[in-house]
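Undergrad: One structure, pasted below without further comment.
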Amino acid sequence: FAARLLTEGAGSRDANALQSELAFLGASLNAGAASDYFSISLNVPKRSLSAALDLMADVALRPSYKASEVRKQRDLLLASILQRKDQPTQVASIAFNQLMFPEGHPYHNPAGGDSTTITTLDSAKVRAFYNGAFTPTRAKFVVVGDISLAEVKPMLEARFGTWKGGSALPIPAVTSKAVSNEQVKVYLVDKPGAAQSVIYVGAPGADRLSPDYPALMVMNTILGGSFSSRLNQNLREAKGYTYGINSGFRWSPVPGPFVISSSVRTNVTDSSLVEIFKEIKALRDVPVDGVELTDDVKAIDDIRKKVGMVFQQFNLFPHLTVLENLTLSPMWVGKMPKKEAEERAMAQLQRVRIAEQAHKYPLQLSGGQQQRVAIARALCLKPKIMLFDEPTSALDPEMIKEVLDVMIEMASGGITMICVTHEMGFAKAVADRVIFMDQGQIVEQNNPHDFFNNPQNERSKDFLSKILGH
């Protein structure tokens with residue numbers, strides 16, 4: 001309140017005279033405050049800087065705080081507080097901060113006050129607060145523009161050099177409420193007739209000087225800090241629940257909250273919460289390897305380089321030996337020296353138990369051996385994930401086991417695999433998750449134990465009864 005009155009009259013000028021002179025200089029002067037600070041900002045062409053600084057000095061050092069102006073601004077603020085109760089986003093923000101931070105914490109109540117505190121304000125109280133809070137010992141000047149320190153320092157000293165100020169108000173020590181991860185709590189604020197539901201999900205945040213700051217910023221960018229973030233792509237682009245959703249930290253001298261916020265259609269409030277917590281859990285449980293899938297072509301190409309694929313047909317070059325088939329991609333795509341590429345190729349051939357066939361041609365191998373070579377070739381690029389498209393469908397029954405054994409060994413070694421297969425015994429033994437599809441649609445997905453022993457969909461039950469019944 002004290003800050004908003006700074007530009008309502010200062011020195012010998014009332015608000016109208018002040019704004020008229022600023023307009024003549026082509027300048028803008030604004031004053032404000034938050035829970036942690038006062039700020040006065042001046043934006044002016046360099047040619048008018050001297051005259052504008054005179055006005056800024058009056059605003060900063062000689063505010064009027066006339067009783068009539070205090071009463072007018074107090075009444076306007078009380079009216080805006082009444083309006084705030086009718087705005088779901090304002091109600092949600094106030095409720096979130098009061099639930100997040102304990103009584104007495106600077107972030108517990110709105111920085112602009114409430115009707116109880118505002119009603120008691122008069123000119124004497126506002127000036128007394130200003131004298132104790134707005135002191136030179138706590139002031140910082142930041143100047144940005146086509147001007148040197150040698151030019152601007154004398155100008156500031158001439159106007160602020162004699163600033164004494166009163167006795168500074170003590171800054172009370174505050175502590176943030178301890179973070180608890182024991183359970184998720186949901187608080188509902190009923191707002192009859194609201195067109196949308198306002199969702200706030202959050203927790204006490206981090207210190208700006210924390211060594212984790214860079215990692216936290218990357219995390220937030222991925223989760224909800226950009227238009228292409230996971231939350232926005234899910235709830236806005238894919239689901240259409242909201243016009244936008246974002247997340248962020250409030251960086252302040254006292255750690256503020258970390259908040260995810262959005263306004264969603266009322267009838268998808270519960271579904272939105274499910275998706276929000278799904279994205280939080282995914283970011284927490286699945287490591288981010290540095291390449292996020294977006295519409296950017298380069299990002300897609302980077303991801304493709306980390307994906308290995310094995311198809312029904314082996315697609316080996318018949319005129320190249322097994323070793324030459326394996327070294328082709330590392331040498332041409334990865335620009336790897338031939339010796340290093342051959343060493344890697346032999347290691348992968350050893351892994352799939354076919355190293356003795358390195359110098360043979362594909363047509364000299366059985367179908368099962370060729371498929372193992374195809375797997376080794378994909379592994380030579382050290383993929384993050386392997387895609388298998390019916391890798392045993394083109395094989396004789398006797399050859400299937402040797403390929404499946406290699407895949408089981410790969411799974412136990414920690415390689416992520418997505419495998420399209422009709423080999424139900426293999427899926428039951430190896431899969432972490434089974435996705436059953438029919439006519440191009442996902443019919444059911446579950447962990448292997450529940451899918452094979454307690455299928456929920458009738459189509460799944462019918463399929464398994466025919467496949468596992470023989």
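Chains: A, B, ... in order of the structure tokens. Residues: from 1 per chain. Ligands: from 1, in order shown.
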Run DSSP on the backbone of this structure and report the residues of range 178-417 of chain A it assigns to helix (DSSP H, G or I), as a ChimeraX atom specification.
TA: /A:213-223,230-238,266-285,297-304,322-332,338-351,355-357,362-364,367-379,397-412
Undergrad: Which polymer residues have any atom within 12 Å of an atom of Glu402 in chain A, counting only C-alpha atoms, with same-chain residues fewer than 4 positions away left out, as a list in words?
TA: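 The contact residues come out as Val352, Arg353, Ile354, Ser366, Gly367, Gly368, Gln369, Gln370, Gln371, Arg372, Val373, Pro391, Thr392, Leu395, Asp396, Pro397, Glu398, Val406, Met407, Ile408 and Glu409 of chain A.
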Undergrad: Report the distance between CA of Met309 in chain A and CA of Ser329 in chain A in Å, rounded to one decimal place.
TA: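 One can read the CA of Met309 in chain A to CA of Ser329 in chain A distance as 12.9 Å.
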Undergrad: At most 10 Å is the cut-off: for each residue in range 221-278 of chain A with any atom that close to an atom of range 101-120 of chain A, write down the nearest atom pair and the distance in Å rounded to one decimal, counting only C-alpha atoms, chain first then increasing number, as JSON lines.
TA:
{"residue": "A:Val254", "atom": "CA", "partner": "A:Pro106", "partner_atom": "CA", "distance": 8.7}
{"residue": "A:Pro255", "atom": "CA", "partner": "A:Tyr107", "partner_atom": "CA", "distance": 9.7}
{"residue": "A:Gly256", "atom": "CA", "partner": "A:Tyr107", "partner_atom": "CA", "distance": 7.6}
{"residue": "A:Pro257", "atom": "CA", "partner": "A:Phe101", "partner_atom": "CA", "distance": 8.9}
Undergrad: Using only C-alpha atoms, which residues sit within 10 Å of His422 in chain A once same-chain residues fewer than 6 positions away are excluded, as a list in words?
TA: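 Near His422 in chain A, the qualifying residues are Glu390, Thr392, Ser393 and Ile467 of chain A.
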Undergrad: Name the residues in contact with Lys428 in chain A at a cut-off of 8 Å, using only C-alpha atoms, excluding same-chain residues fewer than 5 positions from it; report them as a CSV table (one decimal) with N, CA, C and O atoms, in the first residue's frame.
TA:
chain,number,residue,atom,x,y,z
A,448,PRO,N,2.6,-58.4,-16.4
A,448,PRO,CA,2.4,-59.7,-17.0
A,448,PRO,C,1.5,-60.7,-16.1
A,448,PRO,O,0.7,-61.4,-16.6
A,449,HIS,N,1.8,-60.6,-14.8
A,449,HIS,CA,1.1,-61.5,-13.9
A,449,HIS,C,-0.4,-61.3,-14.0
A,449,HIS,O,-1.2,-62.3,-14.1
A,452,PHE,N,-2.0,-62.1,-17.7
A,452,PHE,CA,-2.1,-63.5,-18.0
A,452,PHE,C,-3.0,-64.3,-17.1
A,452,PHE,O,-3.6,-65.3,-17.5
